[in-house]
Amino acid sequence: MSFLLPPYPVIFGQIAMFLVVLLGLVHAAAGMVWVERKEAARMQQRVGPTRVGPFGLLQPFADVLKLMFKENLKPGAADTLLFYLAPLVCATTAFAAFSVVPIGPATTLLGLLDEPMKLQVADVNVAVLVVFAIASMGVYGIVLAGWASNSKYSLLGGLRSSAQMISYELSYGMSLVGVLILANSMSLTEIVDAQGASLLGIPHARWYIFLQPLGFLIFLTAGIAETNRAPFDFPEAEQELVAGYHTEYSSMTFALFFLAEYINMVTVSAVATDLFLGGWYFPFVPPSWGIGWLIFLAKVGALLFFYVWIRWTLPRYRYDQLMTFGWKILLPASVINLIATAAGVLYFGL
Amino acid sequence: MFNSLSAIVPMACVTAAAIAAMTAEAFRAPRERMPIGPLGIVGLIGAAISTFLLWNRNATSFDMVVADNFGLFVTWILILVGILSIAFSSPVVEREGLPLGEYYALMLFATAGMILMAMASDLLLIFLALEVLSLAVYVLTGIRRDSAVATEAAMKYFLLGAFASAFFLYGIAFTWGVTGSTNLTKIGAAIAAQSMAPSPMLLFAMGMLFVGFAFKVSAVPFHMWTPDAYEGAPPPVTGFMSTGVKAAAFAAFTRVFLAAFEPLRGEWADVVWAVAAATMIVGTVVGVSQSSIKRMLAYSSIAHGGYLLVALLAGNDLGKGAILFYLATYAITNLGAFGLIGLIESRERANDQISDYAGLWQQHPWLAALMAMFLLSLGGFPPFGGFIAKYYVFIAAVQAGYTWLAIIGVLTSVVSVFFYLRVIVMMYMTPASATPIRVPSIPAIAAAALVVTAVIVLYLGVLPAQVMDWAAASIGTIF
Amino acid sequence: MTLFYLFAALAVVSSLLVIAQRNPIYSVLLLIASFGALSGLYVLLEAPFAAVIQIIVYAGAIMVLFLFVVMLLNAPQEDTEYDVRVHPLMRPGPLKFGAALAVLLAVELVWALSSAPPASAFGPLPEITVTTIGRTLFTTYAFPFEVTSLLILVAMVGAVLMARREEHSGERGKR
């Protein structure tokens, strides 16, 4: 029976990691719903959910239960196959994009495993691009939902969202090329490790946010647009389009869209943490303490809170303003940032 | 550094002119007249000067562009085509209200692509150049957006052209797969090393490349787009694409098949033989039954492609020289003919039926005379350039042992005279219709272009020796 | 090898279905599936960069624009029954001819691929990384790279020219 005793083969750890990420994302989404509602309430001088569980903490689970038992409606003239495919595309891509995001340094889990394991589902040497590739597939879910519903609000929502996501994907991608140049790598793990530095044995922060402040701003802005969050939430602008692309969805198909939106937020925040905020490194906390993943989660949490904060603070843009902003300000700014970074590396050896 | 860039100077000059034309258009107020056409001509003259300076130098850039004399000769033809097309365009652009800046910019971009194609010694670059010129020409074909005929022509040309490009690219990929390179010299060496037993993959690659080229030179099974595209495009554009595209494509065709794939001659000779014969026959026979002068000239240009294929197939020194001489003669003559058609068209009437030319002699004796001259040259009458060009092609074919092909060529030439003469008979011997053609005053630049064209056609016919020498000197350097 | 045949079959079948569809939206989606399978083939060839770029550029960006246009045109059917009956290319003769040509091409392709390429053409392949691709692109292939920019410029001028609204109505107006 010795094979049941530690240290276990690393494959066990990887399977566990897979489950942790899957369930973690679902629960992160649920948590975000609660935070969002509580925070919205606080900003509007209300109380928010209080009835289900302590501080209303179980409210998201109650919501899910409610959605599950609702009837699943489909408009009569909708395209059945695509109508049900669309939410699946959305949710699948949202989960898949996170698979290459590392959430901590390699660890043996306190000696449980026979060799160190990377805290991510899959380590790819072009991880940054993989996140992009998968995220860029997510737009199909929204577009298809808009088209398959056979409703004008849905169609407009879908069209708007595809135009918006294409426009902002450029700045989104360009903004992080600066980081790629500085780190000279496309692997998220290597990029994070490039940000860990220590002076006289004391870790300090060599985060790319300090070298790439403009890049970080652009990344965050484009990230908000990519995830269709306020103030860029046109695909589902309630006042104009009822609920945009998911107007016609109900029950669990609707829940999948909802889930995808929150998971995408988590992914963007996690990628931003890895790229700009030094991942699991923090000043005065040596890696040997083994709390890297906690630091990482804290940073992601802070970014997620920022998301909520922005949503309840800023009003929605007008649609033409959004496009003008994306093409005429954000994209040139990201190109300038790229050129400046390249020049900096070439001439000053940053 | 600058020495290594010298081979791309002619192309860069034309590109710069194109970008300048685009920029000028951006700053042009609506309806403001701006000398964008002359600007393009300046760029082309710059390219001509640089081409002249590069003569006999064998400059190479990036290991991909070679300014050998062969490429430079074709570049001269292309520059002349560009200048004359711009000159013929000015009245048409004004009459049709075509977008000034974009029109000339696209024409110059296409010329730059053609020059690059004539000088490229790498399949990758040949493909890119082909796409640059094709895209520009597709758009120029459909530039009269309010005309259903033009839109249909552009659409057909674009769709079929995209297919041909795909074939060509497939051929490049397979060639690379067999030989491990896209460089023509290295491909030639790799093929020579295995020419005893060429692999099926290599033959497939060659076939695909052949299809791509055959489409661009509108050889017969791939000629379907030609009459429609030539009819729908504005006449100066038709003149431009029937000469420039053909010259550039033939230059690359010659480079690829007579240099890189020469060791495989045994494999491709029969195919080219059949295609050349079919091209000459179909172009001529179908041309006889046309009633529109543009379609007639389109079929005539298909047939001329056939004669060029004969010269390519002959492949001896005389044949290679004949390709260049024929290209020069055909380009100038055809440009003149389409330029004239462009002048005769009017906004109210297309005037593109052969019957419209009835009695042109009485209205506009000079135009009728020039038209007759161009048509006779295309038909191969002495003392015009077309006669000498055809003569050399057939001599080369007979020398290389393709007597039957030469006989087919002579016979189709004789038949083709029928439809050229039909127009001349119409102009000189038929009384004018009730509403004869009235050409408004011809702008000086177009008139000058007509005169230059006519002089060159006569010169090539009466004193061909000098140009023949140049052509002969051009081929000596590479093959 | 199993994976190769899986992806290859997926690519071929979805490409065939692209042209077999009457509904353009399904055609676009199947094309995306085909691109995805191609990307899988790239991964098997140890070219992860090409694979990811294939997804980002083709499946992610270009096809969204395709979908966009199809949705804006809102054409549920490519061609009407009228076209099927009347169009000369839809008659049985041309259809058979086209099919014969396609089969011929396929046979030729199989024949061409039946022979393995000479191994001597390629030395041992270097590891393909983003760095090596970038280096090759900006040294050996710098000029073709620049010509590509020219190509894109021409395409943009052409597209704008074809697509823009008639603003020069004063210039051409009178007809």
# chains A, B, ... in the order shown; residues from 1 in each chain; ligands from 1
>>> interface_residues(of="chain B", to="chain C", cutoff="8 Å", atoms="only C-alpha atoms", output="count of residues only")
31
>>> residues_around(residues="segment 333-339 of chain B", least_positions_apart="2", cutoff="9 Å", atoms="only C-alpha atoms", output="JSON, numbers by chain")
{"B": [81, 84, 85, 87, 88, 89, 235, 236, 237, 238, 239, 240, 242, 243, 294, 297, 301, 328, 329, 330, 331, 341, 342, 343, 344, 370, 371, 373, 374, 375, 377, 378, 385, 386, 446, 449, 450, 453, 454, 456, 457]}
>>> write_last_selection(atoms="C-alpha atoms", output="CSV table (one decimal), in the first residue's frame")
chain,number,residue,atom,x,y,z
B,81,VAL,CA,3.0,51.3,-70.2
B,84,LEU,CA,1.1,56.1,-71.6
B,85,SER,CA,-1.7,54.7,-69.5
B,87,ALA,CA,-1.6,60.0,-70.3
B,88,PHE,CA,-4.5,58.2,-71.9
B,89,SER,CA,-6.4,58.2,-68.6
B,235,PRO,CA,-10.5,51.6,-71.8
B,236,PRO,CA,-7.3,53.1,-70.5
B,237,VAL,CA,-7.4,50.5,-67.6
B,238,THR,CA,-8.0,47.8,-70.2
B,239,GLY,CA,-5.0,48.9,-72.1
B,240,PHE,CA,-3.0,49.0,-69.0
B,242,SER,CA,-3.9,43.9,-71.2
B,243,THR,CA,-0.3,45.0,-71.6
B,294,LYS,CA,-13.4,45.9,-76.9
B,297,LEU,CA,-9.5,43.3,-78.9
B,301,SER,CA,-5.0,39.9,-76.8
B,328,ALA,CA,7.4,45.7,-76.3
B,329,THR,CA,5.6,45.8,-79.6
B,330,TYR,CA,2.4,44.3,-78.4
B,331,ALA,CA,2.3,46.5,-75.3
B,341,ILE,CA,-11.1,53.7,-77.8
B,342,GLY,CA,-11.1,55.6,-74.5
B,343,LEU,CA,-11.0,58.9,-76.5
B,344,ILE,CA,-13.8,57.8,-78.8
B,370,LEU,CA,-3.9,55.9,-86.2
B,371,MET,CA,-6.5,53.3,-85.4
B,373,MET,CA,-2.2,51.7,-88.0
B,374,PHE,CA,-2.6,50.0,-84.6
B,375,LEU,CA,-4.9,47.4,-85.9
B,377,SER,CA,0.3,46.3,-86.5
B,378,LEU,CA,-1.6,43.9,-84.2
B,385,GLY,CA,6.2,46.6,-85.3
B,386,GLY,CA,3.8,43.7,-85.1
B,446,ALA,CA,-3.4,62.3,-74.6
B,449,ALA,CA,0.7,59.9,-76.0
B,450,LEU,CA,-1.0,58.9,-79.2
B,453,THR,CA,2.7,55.4,-79.5
B,454,ALA,CA,2.4,55.7,-83.2
B,456,ILE,CA,7.2,53.8,-81.6
B,457,VAL,CA,5.1,51.4,-83.5
>>> closest_atom_pairs(of="chain C", to="chain A", cutoff="12 Å", atoms="only C-alpha atoms", output="tab-separated table")
residue	atom	partner	partner_atom	distance
C:Asn23	CA	A:Asp79	CA	11.2
C:Ile25	CA	A:Leu144	CA	9.0
C:Tyr26	CA	A:Leu82	CA	9.0
C:Val28	CA	A:Tyr140	CA	10.9
C:Leu29	CA	A:Tyr140	CA	9.1
C:Ile32	CA	A:Met137	CA	9.6
C:Ala33	CA	A:Met137	CA	11.1
C:Phe35	CA	A:Met137	CA	11.8
C:Gly36	CA	A:Met137	CA	10.4
C:Ser39	CA	A:Ala133	CA	10.9
C:Val43	CA	A:Val124	CA	11.4
C:Glu46	CA	A:Asn125	CA	11.7
C:Ala47	CA	A:Val126	CA	10.5
C:Pro48	CA	A:Val126	CA	7.3
C:Phe49	CA	A:Val126	CA	6.8
C:Ala50	CA	A:Val126	CA	10.4
C:Ala51	CA	A:Val130	CA	9.4
C:Val52	CA	A:Val130	CA	6.2
C:Ile53	CA	A:Ala133	CA	7.6
C:Gln54	CA	A:Ala133	CA	8.7
C:Ile55	CA	A:Ala133	CA	5.7
C:Ile56	CA	A:Ala133	CA	4.7
C:Val57	CA	A:Ala133	CA	8.4
C:Tyr58	CA	A:Ala133	CA	10.1
C:Ala59	CA	A:Met137	CA	7.2
C:Gly60	CA	A:Ser136	CA	4.9
C:Ala61	CA	A:Ile166	CA	6.7
C:Ile62	CA	A:Ile166	CA	9.5
C:Met63	CA	A:Tyr140	CA	9.4
C:Val64	CA	A:Ser162	CA	7.0
C:Leu65	CA	A:Ser162	CA	8.2
C:Phe66	CA	A:Ser162	CA	11.0
C:Leu67	CA	A:Val143	CA	8.1
C:Phe68	CA	A:Leu159	CA	6.7
C:Val69	CA	A:Leu159	CA	9.6
C:Val70	CA	A:Trp147	CA	10.1
C:Met71	CA	A:Trp147	CA	7.1
C:Leu72	CA	A:Leu159	CA	8.3
C:Leu73	CA	A:Trp147	CA	11.8
C:Asn74	CA	A:Trp147	CA	9.2
C:Ala75	CA	A:Trp147	CA	11.7
C:Pro76	CA	A:Asp79	CA	10.9
C:Ile128	CA	A:Asn125	CA	11.6
C:Thr129	CA	A:Asn125	CA	9.0
C:Val130	CA	A:Val126	CA	8.3
C:Thr131	CA	A:Asn184	CA	8.9
>>> write_last_selection(atoms="C-alpha atoms", output="compact mmCIF listing (two decimals), in the first residue's frame")
# COMPACT_ATOMS: atom_id res chain seq x y z
CA ASN C 23 -27.15 28.97 -44.75
CA ILE C 25 -23.97 31.52 -41.00
CA TYR C 26 -23.38 27.78 -40.81
CA VAL C 28 -18.89 30.65 -41.54
CA LEU C 29 -19.07 28.51 -38.39
CA ILE C 32 -14.04 28.39 -38.11
CA ALA C 33 -14.11 24.71 -37.20
CA PHE C 35 -9.41 26.70 -39.02
CA GLY C 36 -9.46 25.22 -35.56
CA SER C 39 -4.47 24.98 -35.85
CA VAL C 43 0.39 22.07 -32.90
CA GLU C 46 5.39 21.60 -33.16
CA ALA C 47 4.58 25.09 -34.37
CA PRO C 48 2.55 26.42 -31.44
CA PHE C 49 3.06 30.02 -32.50
CA ALA C 50 1.56 29.40 -35.94
CA ALA C 51 -1.28 27.50 -34.30
CA VAL C 52 -2.18 30.28 -31.91
CA ILE C 53 -1.83 32.98 -34.55
CA GLN C 54 -4.08 30.95 -36.83
CA ILE C 55 -6.76 31.06 -34.16
CA ILE C 56 -6.29 34.70 -33.20
CA VAL C 57 -6.10 36.10 -36.71
CA TYR C 58 -8.30 33.83 -38.79
CA ALA C 59 -10.78 32.30 -36.41
CA GLY C 60 -10.81 35.18 -33.96
CA ALA C 61 -10.67 38.30 -36.07
CA ILE C 62 -11.33 37.68 -39.74
CA MET C 63 -14.19 35.27 -39.28
CA VAL C 64 -15.91 37.61 -36.83
CA LEU C 65 -15.96 40.17 -39.62
CA PHE C 66 -17.37 37.57 -41.97
CA LEU C 67 -20.06 36.77 -39.47
CA PHE C 68 -20.67 40.45 -39.00
CA VAL C 69 -21.26 41.00 -42.69
CA VAL C 70 -23.45 37.94 -43.05
CA MET C 71 -25.55 39.08 -40.12
CA LEU C 72 -25.86 42.61 -41.47
CA LEU C 73 -26.96 41.32 -44.86
CA ASN C 74 -29.28 39.00 -42.99
CA ALA C 75 -29.52 36.59 -45.89
CA PRO C 76 -30.84 33.30 -44.59
CA ILE C 128 10.74 27.05 -33.98
CA THR C 129 10.20 29.69 -31.35
CA VAL C 130 8.72 33.14 -31.48
CA THR C 131 12.26 34.48 -31.38
>>> closest_residue(among="B:Ala164, B:Leu324, B:Ile172, B:Leu376", to="Ala247 of chain B", atoms="only C-alpha atoms")
B:Leu324
>>> select_by_dssp(residues="segment 5-120 of chain B", states="strand (DSSP E)", output="list in words")
Ala59, Thr60, Ser61, Val65, Val66 and Ala67 of chain B
>>> residues_around(residues="Phe232 of chain A", least_positions_apart="5", cutoff="12 Å", atoms="only C-alpha atoms", output="PDB file with N, CA and C atoms, in the first residue's frame")
ATOM      1  N   ARG A 160     -23.188  44.885 -31.911  1.00  0.00           N
ATOM      2  CA  ARG A 160     -22.414  45.862 -31.163  1.00  0.00           C
ATOM      3  C   ARG A 160     -21.250  45.200 -30.472  1.00  0.00           C
ATOM      4  N   SER A 161     -21.535  44.066 -29.858  1.00  0.00           N
ATOM      5  CA  SER A 161     -20.483  43.435 -29.084  1.00  0.00           C
ATOM      6  C   SER A 161     -19.361  42.961 -29.980  1.00  0.00           C
ATOM      7  N   GLN A 164     -17.346  45.939 -30.949  1.00  0.00           N
ATOM      8  CA  GLN A 164     -16.603  46.453 -29.796  1.00  0.00           C
ATOM      9  C   GLN A 164     -15.410  45.554 -29.470  1.00  0.00           C
ATOM     10  N   MET A 165     -15.654  44.251 -29.476  1.00  0.00           N
ATOM     11  CA  MET A 165     -14.563  43.365 -29.072  1.00  0.00           C
ATOM     12  C   MET A 165     -13.444  43.361 -30.091  1.00  0.00           C
ATOM     13  N   TYR A 168     -11.419  46.613 -29.598  1.00  0.00           N
ATOM     14  CA  TYR A 168     -10.585  46.721 -28.406  1.00  0.00           C
ATOM     15  C   TYR A 168      -9.558  45.615 -28.306  1.00  0.00           C
ATOM     16  N   THR A 221      -8.332  49.163 -19.350  1.00  0.00           N
ATOM     17  CA  THR A 221      -9.468  49.755 -20.059  1.00  0.00           C
ATOM     18  C   THR A 221      -9.997  48.800 -21.125  1.00  0.00           C
ATOM     19  N   ALA A 222      -9.052  48.302 -21.963  1.00  0.00           N
ATOM     20  CA  ALA A 222      -9.476  47.390 -23.014  1.00  0.00           C
ATOM     21  C   ALA A 222     -10.040  46.117 -22.410  1.00  0.00           C
ATOM     22  N   GLY A 223      -9.503  45.714 -21.263  1.00  0.00           N
ATOM     23  CA  GLY A 223     -10.013  44.515 -20.605  1.00  0.00           C
ATOM     24  C   GLY A 223     -11.459  44.695 -20.183  1.00  0.00           C
ATOM     25  N   ILE A 224     -11.780  45.883 -19.690  1.00  0.00           N
ATOM     26  CA  ILE A 224     -13.169  46.149 -19.309  1.00  0.00           C
ATOM     27  C   ILE A 224     -14.069  46.091 -20.536  1.00  0.00           C
ATOM     28  N   ALA A 225     -13.564  46.661 -21.653  1.00  0.00           N
ATOM     29  CA  ALA A 225     -14.359  46.615 -22.878  1.00  0.00           C
ATOM     30  C   ALA A 225     -14.492  45.176 -23.372  1.00  0.00           C
ATOM     31  N   GLU A 226     -13.418  44.411 -23.260  1.00  0.00           N
ATOM     32  CA  GLU A 226     -13.449  43.031 -23.738  1.00  0.00           C
ATOM     33  C   GLU A 226     -14.460  42.203 -22.955  1.00  0.00           C
ATOM     34  N   THR A 227     -14.586  42.481 -21.676  1.00  0.00           N
ATOM     35  CA  THR A 227     -15.516  41.693 -20.874  1.00  0.00           C
ATOM     36  C   THR A 227     -16.902  42.323 -20.854  1.00  0.00           C
ATOM     37  N   ALA A 237     -26.824  46.913 -22.997  1.00  0.00           N
ATOM     38  CA  ALA A 237     -27.299  48.177 -22.449  1.00  0.00           C
ATOM     39  C   ALA A 237     -28.793  48.106 -22.169  1.00  0.00           C
ATOM     40  N   TYR A 307     -13.045  46.537 -10.597  1.00  0.00           N
ATOM     41  CA  TYR A 307     -14.063  46.351 -11.628  1.00  0.00           C
ATOM     42  C   TYR A 307     -15.433  46.809 -11.136  1.00  0.00           C
ATOM     43  N   ILE A 310     -15.638  50.553 -10.525  1.00  0.00           N
ATOM     44  CA  ILE A 310     -15.800  51.306 -11.775  1.00  0.00           C
ATOM     45  C   ILE A 310     -17.240  51.225 -12.252  1.00  0.00           C
ATOM     46  N   ARG A 311     -17.803  50.028 -12.175  1.00  0.00           N
ATOM     47  CA  ARG A 311     -19.135  49.841 -12.757  1.00  0.00           C
ATOM     48  C   ARG A 311     -20.157  50.745 -12.083  1.00  0.00           C
ATOM     49  N   LEU A 314     -19.021  54.976 -12.847  1.00  0.00           N
ATOM     50  CA  LEU A 314     -19.023  55.696 -14.117  1.00  0.00           C
ATOM     51  C   LEU A 314     -20.290  55.417 -14.904  1.00  0.00           C
ATOM     52  N   PRO A 315     -20.838  56.430 -15.568  1.00  0.00           N
ATOM     53  CA  PRO A 315     -21.978  56.188 -16.456  1.00  0.00           C
ATOM     54  C   PRO A 315     -21.516  55.555 -17.764  1.00  0.00           C
ATOM     55  N   ARG A 316     -22.448  55.012 -18.491  1.00  0.00           N
ATOM     56  CA  ARG A 316     -22.117  54.333 -19.739  1.00  0.00           C
ATOM     57  C   ARG A 316     -21.758  55.346 -20.818  1.00  0.00           C
ATOM     58  N   TYR A 317     -20.784  54.981 -21.634  1.00  0.00           N
ATOM     59  CA  TYR A 317     -20.424  55.825 -22.778  1.00  0.00           C
ATOM     60  C   TYR A 317     -21.538  55.788 -23.819  1.00  0.00           C
ATOM     61  N   ARG A 318     -21.416  56.709 -24.808  1.00  0.00           N
ATOM     62  CA  ARG A 318     -22.283  56.576 -25.969  1.00  0.00           C
ATOM     63  C   ARG A 318     -21.553  55.671 -26.950  1.00  0.00           C
ATOM     64  N   TYR A 319     -22.289  54.986 -27.829  1.00  0.00           N
ATOM     65  CA  TYR A 319     -21.635  53.951 -28.629  1.00  0.00           C
ATOM     66  C   TYR A 319     -20.564  54.525 -29.560  1.00  0.00           C
ATOM     67  N   ASP A 320     -20.860  55.667 -30.205  1.00  0.00           N
ATOM     68  CA  ASP A 320     -19.852  56.223 -31.118  1.00  0.00           C
ATOM     69  C   ASP A 320     -18.635  56.715 -30.340  1.00  0.00           C
ATOM     70  N   GLN A 321     -18.883  57.199 -29.100  1.00  0.00           N
ATOM     71  CA  GLN A 321     -17.745  57.599 -28.262  1.00  0.00           C
ATOM     72  C   GLN A 321     -16.846  56.408 -27.983  1.00  0.00           C
ATOM     73  N   LEU A 322     -17.494  55.278 -27.736  1.00  0.00           N
ATOM     74  CA  LEU A 322     -16.734  54.064 -27.440  1.00  0.00           C
ATOM     75  C   LEU A 322     -15.823  53.704 -28.612  1.00  0.00           C
ATOM     76  N   MET A 323     -16.380  53.717 -29.837  1.00  0.00           N
ATOM     77  CA  MET A 323     -15.582  53.335 -30.993  1.00  0.00           C
ATOM     78  C   MET A 323     -14.485  54.368 -31.238  1.00  0.00           C
ATOM     79  N   PHE A 325     -13.083  56.327 -29.093  1.00  0.00           N
ATOM     80  CA  PHE A 325     -12.089  56.181 -28.035  1.00  0.00           C
ATOM     81  C   PHE A 325     -11.162  55.005 -28.336  1.00  0.00           C
ATOM     82  N   GLY A 326     -11.745  53.902 -28.743  1.00  0.00           N
ATOM     83  CA  GLY A 326     -10.947  52.709 -28.994  1.00  0.00           C
ATOM     84  C   GLY A 326      -9.967  52.896 -30.135  1.00  0.00           C
TER      85      GLY A 326
END
>>> residues_around(residues="Leu327 of chain B", least_positions_apart="3", cutoff="10 Å", atoms="only C-alpha atoms", output="list in words")
Val74, Ile77, Leu78, Thr243, Gly244, Lys246, Ala247, Ala248, Phe250, Ala251, His304, Gly305, Leu308, Gly321, Ala322, Ile323, Leu324, Tyr330, Ala331, Ile332, Thr333 and Ala389 of chain B
>>> atom_distance(atom1="atom CA of Thr151 of chain B", atom2="atom CA of Tyr138 of chain B")
10.0 Å
>>> select_by_dssp(residues="segment 91-293 of chain B", states="alpha helix (DSSP H)", output="MDAnalysis selection string")
chainID B and resid 91:96 100:119 123:141 148:179 184:193 200:216 225:232 235:240 246:254 265:288 293
>>> residues_around(residues="Tyr84 of chain A", least_positions_apart="3", cutoff="9 Å", atoms="only C-alpha atoms", output="list in words")
Asp79, Thr80, Leu81, Pro87, Leu88, Ala145, Ala148 and Thr253 of chain A
>>> decode(residues="segment 4-73 of chain B", atoms="C-alpha atoms", output="PDB file, in the first residue's frame")
ATOM      1  CA  SER B   4      22.594  46.559 -51.802  1.00  0.00           C
ATOM      2  CA  LEU B   5      19.314  48.429 -52.164  1.00  0.00           C
ATOM      3  CA  SER B   6      19.919  49.615 -55.722  1.00  0.00           C
ATOM      4  CA  ALA B   7      17.909  46.864 -57.414  1.00  0.00           C
ATOM      5  CA  ILE B   8      14.681  47.978 -55.802  1.00  0.00           C
ATOM      6  CA  VAL B   9      15.093  51.662 -56.708  1.00  0.00           C
ATOM      7  CA  PRO B  10      12.846  51.599 -59.799  1.00  0.00           C
ATOM      8  CA  MET B  11      10.087  49.916 -57.843  1.00  0.00           C
ATOM      9  CA  ALA B  12      10.601  52.258 -54.907  1.00  0.00           C
ATOM     10  CA  CYS B  13      10.328  55.317 -57.177  1.00  0.00           C
ATOM     11  CA  VAL B  14       6.961  54.161 -58.471  1.00  0.00           C
ATOM     12  CA  THR B  15       5.736  53.247 -54.987  1.00  0.00           C
ATOM     13  CA  ALA B  16       6.772  56.659 -53.710  1.00  0.00           C
ATOM     14  CA  ALA B  17       4.843  58.298 -56.525  1.00  0.00           C
ATOM     15  CA  ALA B  18       1.820  56.174 -55.664  1.00  0.00           C
ATOM     16  CA  ILE B  19       1.958  57.147 -52.007  1.00  0.00           C
ATOM     17  CA  ALA B  20       2.431  60.788 -53.002  1.00  0.00           C
ATOM     18  CA  ALA B  21      -0.670  60.522 -55.200  1.00  0.00           C
ATOM     19  CA  MET B  22      -2.627  59.076 -52.279  1.00  0.00           C
ATOM     20  CA  THR B  23      -1.456  61.800 -49.950  1.00  0.00           C
ATOM     21  CA  ALA B  24      -2.245  64.503 -52.487  1.00  0.00           C
ATOM     22  CA  GLU B  25      -5.772  63.116 -52.806  1.00  0.00           C
ATOM     23  CA  ALA B  26      -6.190  63.360 -49.059  1.00  0.00           C
ATOM     24  CA  PHE B  27      -5.472  67.092 -49.178  1.00  0.00           C
ATOM     25  CA  ARG B  28      -7.514  67.761 -52.296  1.00  0.00           C
ATOM     26  CA  ALA B  29     -10.664  69.767 -51.900  1.00  0.00           C
ATOM     27  CA  PRO B  30     -13.692  68.293 -53.659  1.00  0.00           C
ATOM     28  CA  ARG B  31     -13.667  69.217 -57.325  1.00  0.00           C
ATOM     29  CA  GLU B  32     -10.260  70.828 -57.042  1.00  0.00           C
ATOM     30  CA  ARG B  33      -8.079  69.935 -60.004  1.00  0.00           C
ATOM     31  CA  MET B  34      -4.694  68.657 -59.078  1.00  0.00           C
ATOM     32  CA  PRO B  35      -1.925  67.387 -61.368  1.00  0.00           C
ATOM     33  CA  ILE B  36      -1.850  63.940 -59.808  1.00  0.00           C
ATOM     34  CA  GLY B  37      -1.407  62.190 -63.155  1.00  0.00           C
ATOM     35  CA  PRO B  38       1.697  64.248 -64.056  1.00  0.00           C
ATOM     36  CA  LEU B  39       2.999  63.539 -60.558  1.00  0.00           C
ATOM     37  CA  GLY B  40       2.797  59.839 -61.335  1.00  0.00           C
ATOM     38  CA  ILE B  41       4.560  60.393 -64.654  1.00  0.00           C
ATOM     39  CA  VAL B  42       7.391  62.156 -62.792  1.00  0.00           C
ATOM     40  CA  GLY B  43       7.771  59.118 -60.532  1.00  0.00           C
ATOM     41  CA  LEU B  44       7.798  56.805 -63.530  1.00  0.00           C
ATOM     42  CA  ILE B  45      10.442  58.917 -65.253  1.00  0.00           C
ATOM     43  CA  GLY B  46      12.529  58.685 -62.087  1.00  0.00           C
ATOM     44  CA  ALA B  47      12.148  54.928 -62.260  1.00  0.00           C
ATOM     45  CA  ALA B  48      13.157  54.990 -65.927  1.00  0.00           C
ATOM     46  CA  ILE B  49      16.316  56.926 -65.139  1.00  0.00           C
ATOM     47  CA  SER B  50      17.273  54.561 -62.339  1.00  0.00           C
ATOM     48  CA  THR B  51      16.590  51.630 -64.648  1.00  0.00           C
ATOM     49  CA  PHE B  52      18.899  53.200 -67.211  1.00  0.00           C
ATOM     50  CA  LEU B  53      21.643  53.589 -64.602  1.00  0.00           C
ATOM     51  CA  LEU B  54      21.257  49.989 -63.509  1.00  0.00           C
ATOM     52  CA  TRP B  55      21.719  48.613 -67.042  1.00  0.00           C
ATOM     53  CA  ASN B  56      24.500  46.026 -67.269  1.00  0.00           C
ATOM     54  CA  ARG B  57      25.154  46.212 -63.533  1.00  0.00           C
ATOM     55  CA  ASN B  58      23.396  43.018 -62.454  1.00  0.00           C
ATOM     56  CA  ALA B  59      22.517  44.533 -59.105  1.00  0.00           C
ATOM     57  CA  THR B  60      20.940  42.266 -56.503  1.00  0.00           C
ATOM     58  CA  SER B  61      19.006  43.207 -53.385  1.00  0.00           C
ATOM     59  CA  PHE B  62      18.124  40.956 -50.471  1.00  0.00           C
ATOM     60  CA  ASP B  63      18.982  37.914 -52.614  1.00  0.00           C
ATOM     61  CA  MET B  64      15.444  38.215 -53.893  1.00  0.00           C
ATOM     62  CA  VAL B  65      15.392  41.075 -56.384  1.00  0.00           C
ATOM     63  CA  VAL B  66      17.731  40.953 -59.343  1.00  0.00           C
ATOM     64  CA  ALA B  67      18.064  43.921 -61.658  1.00  0.00           C
ATOM     65  CA  ASP B  68      19.532  41.945 -64.513  1.00  0.00           C
ATOM     66  CA  ASN B  69      19.102  43.211 -68.032  1.00  0.00           C
ATOM     67  CA  PHE B  70      16.130  40.929 -68.627  1.00  0.00           C
ATOM     68  CA  GLY B  71      14.242  42.445 -65.713  1.00  0.00           C
ATOM     69  CA  LEU B  72      15.337  45.936 -66.671  1.00  0.00           C
ATOM     70  CA  PHE B  73      14.122  45.524 -70.241  1.00  0.00           C
TER      71      PHE B  73
END
